[in-house]
Amino acid sequence: MRIIMLGAPGAGKGTQAKMIAEKFGIPHISTGDIFRANIKNQTELGKKAKAYLDEGTLVPDELTCDLVVDRIANEDCAKGYILDGFPRTIPQAEALTKALAKDGGAIDYAIDVDVPDSDIVRRLSGRRVCLKCGATYHTSFNPPREEGICDSCGEALVHRDDDKPETIQKRLDVYHSQTQPLIEYYHEAGCMYKVDGTRSLEEVFASICAILE
Ligand code: AP5
Ligand code: MG
């Protein structure tokens with residue numbers, strides 16, 4: 001089961017991808033999480049990616065495509081995976097299609113979590129994340145048991161640097177110009193599904209499960 005999650009920044013891709021990965025026993029691969037971990041650990045990739053994340057633009061395709069193509073060749077991806085935040089441009093989608101076609105494969109489900117821009121700022125300004133285990137919370141919609149502390153691993157939660165209002169607007173602009181065209185791309189590939197992402201976490205999850213089962 002090869003799944004990709006599409007949707008604007010803050011639509012809930014990461015939140016749902018984690019739940020799906022757990023339910024179906026497949027790895028959750030978030031390019032955003034991979035870049036943030038590399039920035040935190042000050043790797044070469046992290047140094048190259050940092051400026052793009054800070055300003056809310058996309059990391060160049062040449063730094064992103066090979067990273068994902070190599071990752072999905074790992075043994076743990078043999079039964080499938082869920083890609084969260086990749087592909088984000090037409091060239092990334094083409095690179096993925098080409099890599100999968102080598103073994104006669106293709107993406108099975110592209111899921112667009114649809115949330116209007118007007119809801120996004122509220123979602124992202126209340127988001128708190130764990131940079132250690134990747135868990136995501138919201139101060140009102142999905143609070144941790146103890147304020148500021150990750151339920152899963154006990155690490156202190158942080159407000160992402162790119163969740164400032166001016167960067168959120170930049171990320172939304174980038175989404176509409178560069179990532180939204182993928183909806184048409186996967187529609188033509190015959191695997192595009194859309195869910196209404198404005199409902200509760202549980203309702204959105206139930207609609208995605210109904211598509212996958
Ligand atoms: P990335 O980390 O992928 O960020 P994003 O796409 O902007 O998406 P987010 O992680 O902000 O949102 P989400 O949809 O995962 O929402 P979440 O579940 O957290 O990328 C960051 C940066 O990395 C990019 O800007 C770029 O620079 C770079 N990058 C990454 N991939 C790249 C690529 N392929 N190519 C080039 N560059 C790349 O939910 C948001 C909040 O809402 C949370 O607080 C959550 O608790 C809450 N929430 C979720 N669902 C609901 C609900 N149903 N009701 C109420 N609240 C909800
Ligand atoms: Mg995310």
# chains A, B, ... in the order shown; residues from 1 in each chain; ligands from 1
>>> select_by_dssp(residues="chain A", states="helix (DSSP H, G or I)", output="PyMOL selection string")
chain A and resi 13-24+31-40+44-55+61-71+75-77+90-101+117-125+161-163+165-179+181-188+201-212
>>> residues_near_ligand(ligand="ligand 1", cutoff="7 Å", atoms="only C-alpha atoms and all ligand atoms", output="PyMOL selection string")
chain A and resi 7-16+30-33+35+52-53+56-61+64+84-88+123-124+126-128+136-138+141-142+171+197-201+204
>>> select_by_dssp(residues="segment 169-200 of chain A", states="strand (DSSP E)", output="PyMOL selection string")
chain A and resi 192-196
>>> write_last_selection(atoms="C-alpha atoms", output="PDB file, in the first residue's frame")
ATOM      1  CA  MET A 192      -6.670  10.794  -6.356  1.00  0.00           C
ATOM      2  CA  TYR A 193      -9.006  10.911  -3.309  1.00  0.00           C
ATOM      3  CA  LYS A 194     -10.144  13.961  -1.387  1.00  0.00           C
ATOM      4  CA  VAL A 195     -11.286  14.201   2.234  1.00  0.00           C
ATOM      5  CA  ASP A 196     -12.809  17.156   4.049  1.00  0.00           C
TER       6      ASP A 196
END
>>> atom_distance(atom1="atom CA of Arg2 of chain A", atom2="atom CA of Glu22 of chain A")
14.3 Å
>>> closest_residue(among="A:Ile26, A:Val129, A:Val115, A:Ile3", to="ligand 2", atoms="only C-alpha atoms and all ligand atoms")
A:Val129
>>> closest_residue(among="A:Ala78, A:Ile29, A:Leu131, A:Ala101", to="Asn41 of chain A", atoms="only C-alpha atoms")
A:Leu131
>>> atom_distance(atom1="atom CA of Leu172 of chain A", atom2="atom CA of Lys50 of chain A")
18.4 Å
>>> atom_distance(atom1="atom CA of Arg36 of chain A", atom2="atom CA of Lys79 of chain A")
26.2 Å
>>> residues_around(residues="segment 186-191 of chain A", least_positions_apart="4", cutoff="8 Å", atoms="only C-alpha atoms", output="PDB file with all heavy atoms, in the first residue's frame")
ATOM      1  N   ILE A 107       1.978   4.637  -7.257  1.00  0.00           N
ATOM      2  CA  ILE A 107       1.264   5.073  -6.052  1.00  0.00           C
ATOM      3  C   ILE A 107      -0.158   4.510  -6.102  1.00  0.00           C
ATOM      4  O   ILE A 107      -0.814   4.519  -7.141  1.00  0.00           O
ATOM      5  CB  ILE A 107       1.258   6.622  -5.992  1.00  0.00           C
ATOM      6  CG1 ILE A 107       2.667   7.154  -5.676  1.00  0.00           C
ATOM      7  CG2 ILE A 107       0.239   7.153  -4.983  1.00  0.00           C
ATOM      8  CD1 ILE A 107       3.223   6.736  -4.313  1.00  0.00           C
ATOM      9  N   ASP A 108      -0.625   3.984  -4.976  1.00  0.00           N
ATOM     10  CA  ASP A 108      -1.978   3.408  -4.931  1.00  0.00           C
ATOM     11  C   ASP A 108      -3.019   4.457  -4.538  1.00  0.00           C
ATOM     12  O   ASP A 108      -4.131   4.441  -5.050  1.00  0.00           O
ATOM     13  CB  ASP A 108      -2.016   2.257  -3.910  1.00  0.00           C
ATOM     14  CG  ASP A 108      -1.037   1.154  -4.280  1.00  0.00           C
ATOM     15  OD1 ASP A 108      -1.121   0.667  -5.426  1.00  0.00           O
ATOM     16  OD2 ASP A 108      -0.170   0.821  -3.451  1.00  0.00           O
ATOM     17  N   TYR A 109      -2.659   5.316  -3.583  1.00  0.00           N
ATOM     18  CA  TYR A 109      -3.610   6.314  -3.089  1.00  0.00           C
ATOM     19  C   TYR A 109      -2.906   7.658  -2.893  1.00  0.00           C
ATOM     20  O   TYR A 109      -1.904   7.725  -2.182  1.00  0.00           O
ATOM     21  CB  TYR A 109      -4.178   5.910  -1.729  1.00  0.00           C
ATOM     22  CG  TYR A 109      -4.864   4.580  -1.696  1.00  0.00           C
ATOM     23  CD1 TYR A 109      -4.167   3.431  -1.340  1.00  0.00           C
ATOM     24  CD2 TYR A 109      -6.213   4.476  -2.024  1.00  0.00           C
ATOM     25  CE1 TYR A 109      -4.794   2.194  -1.309  1.00  0.00           C
ATOM     26  CE2 TYR A 109      -6.850   3.248  -2.000  1.00  0.00           C
ATOM     27  CZ  TYR A 109      -6.141   2.110  -1.640  1.00  0.00           C
ATOM     28  OH  TYR A 109      -6.767   0.900  -1.619  1.00  0.00           O
ATOM     29  N   ALA A 110      -3.453   8.706  -3.503  1.00  0.00           N
ATOM     30  CA  ALA A 110      -3.014  10.074  -3.200  1.00  0.00           C
ATOM     31  C   ALA A 110      -4.203  10.714  -2.486  1.00  0.00           C
ATOM     32  O   ALA A 110      -5.311  10.778  -3.023  1.00  0.00           O
ATOM     33  CB  ALA A 110      -2.692  10.823  -4.483  1.00  0.00           C
ATOM     34  N   LEU A 182      -0.427  19.053  -8.290  1.00  0.00           N
ATOM     35  CA  LEU A 182      -0.301  17.593  -8.166  1.00  0.00           C
ATOM     36  C   LEU A 182      -1.665  16.912  -8.067  1.00  0.00           C
ATOM     37  O   LEU A 182      -1.792  15.720  -8.368  1.00  0.00           O
ATOM     38  CB  LEU A 182       0.525  17.229  -6.926  1.00  0.00           C
ATOM     39  CG  LEU A 182       1.989  17.662  -6.951  1.00  0.00           C
ATOM     40  CD1 LEU A 182       2.683  17.212  -5.693  1.00  0.00           C
ATOM     41  CD2 LEU A 182       2.684  17.086  -8.163  1.00  0.00           C
TER      42      LEU A 182
END
>>> residues_around(residues="Glu75 of chain A", least_positions_apart="5", cutoff="12 Å", atoms="only C-alpha atoms", output="PyMOL selection string")
chain A and resi 26-27+70+80-81
>>> write_last_selection(atoms="all heavy atoms", output="PDB file, in the first residue's frame")
ATOM      1  N   ILE A  26       2.803   0.431   8.435  1.00  0.00           N
ATOM      2  CA  ILE A  26       3.748   0.844   7.385  1.00  0.00           C
ATOM      3  C   ILE A  26       4.487   2.096   7.858  1.00  0.00           C
ATOM      4  O   ILE A  26       3.977   2.825   8.706  1.00  0.00           O
ATOM      5  CB  ILE A  26       3.021   1.135   6.035  1.00  0.00           C
ATOM      6  CG1 ILE A  26       1.857   2.138   6.224  1.00  0.00           C
ATOM      7  CG2 ILE A  26       2.535  -0.156   5.396  1.00  0.00           C
ATOM      8  CD1 ILE A  26       1.147   2.533   4.944  1.00  0.00           C
ATOM      9  N   PRO A  27       5.699   2.344   7.339  1.00  0.00           N
ATOM     10  CA  PRO A  27       6.429   3.529   7.808  1.00  0.00           C
ATOM     11  C   PRO A  27       5.822   4.856   7.338  1.00  0.00           C
ATOM     12  O   PRO A  27       5.288   4.939   6.228  1.00  0.00           O
ATOM     13  CB  PRO A  27       7.840   3.348   7.233  1.00  0.00           C
ATOM     14  CG  PRO A  27       7.800   2.227   6.308  1.00  0.00           C
ATOM     15  CD  PRO A  27       6.500   1.504   6.441  1.00  0.00           C
ATOM     16  N   ASP A  70      15.760   6.872  -2.214  1.00  0.00           N
ATOM     17  CA  ASP A  70      16.616   5.959  -1.435  1.00  0.00           C
ATOM     18  C   ASP A  70      15.872   5.416  -0.221  1.00  0.00           C
ATOM     19  O   ASP A  70      15.973   4.236   0.107  1.00  0.00           O
ATOM     20  CB  ASP A  70      17.869   6.690  -0.912  1.00  0.00           C
ATOM     21  CG  ASP A  70      18.850   6.992  -2.031  1.00  0.00           C
ATOM     22  OD1 ASP A  70      18.637   6.505  -3.153  1.00  0.00           O
ATOM     23  OD2 ASP A  70      19.813   7.745  -1.768  1.00  0.00           O
ATOM     24  N   GLY A  80       4.869  -1.289   1.719  1.00  0.00           N
ATOM     25  CA  GLY A  80       4.248   0.016   1.484  1.00  0.00           C
ATOM     26  C   GLY A  80       4.737   1.062   2.467  1.00  0.00           C
ATOM     27  O   GLY A  80       5.578   0.775   3.330  1.00  0.00           O
ATOM     28  N   TYR A  81       4.190   2.269   2.328  1.00  0.00           N
ATOM     29  CA  TYR A  81       4.629   3.404   3.146  1.00  0.00           C
ATOM     30  C   TYR A  81       3.650   4.539   2.937  1.00  0.00           C
ATOM     31  O   TYR A  81       2.829   4.496   2.012  1.00  0.00           O
ATOM     32  CB  TYR A  81       6.045   3.852   2.730  1.00  0.00           C
ATOM     33  CG  TYR A  81       6.243   3.890   1.244  1.00  0.00           C
ATOM     34  CD1 TYR A  81       5.794   4.960   0.484  1.00  0.00           C
ATOM     35  CD2 TYR A  81       6.842   2.801   0.583  1.00  0.00           C
ATOM     36  CE1 TYR A  81       5.942   4.978  -0.883  1.00  0.00           C
ATOM     37  CE2 TYR A  81       6.993   2.801  -0.799  1.00  0.00           C
ATOM     38  CZ  TYR A  81       6.540   3.895  -1.527  1.00  0.00           C
ATOM     39  OH  TYR A  81       6.671   3.903  -2.884  1.00  0.00           O
TER      40      TYR A  81
END
>>> closest_residue(among="A:Glu62, A:Val158, A:Gln178, A:Met5", to="ligand 2", atoms="only C-alpha atoms and all ligand atoms")
A:Met5
>>> closest_residue(among="A:Val113, A:Val174, A:Met1, A:Ile168", to="Ile208 of chain A", atoms="only C-alpha atoms")
A:Val113
>>> closest_residue(among="A:Glu166, A:Asp112, A:Glu202, A:Glu213", to="Met19 of chain A", atoms="only C-alpha atoms")
A:Glu202
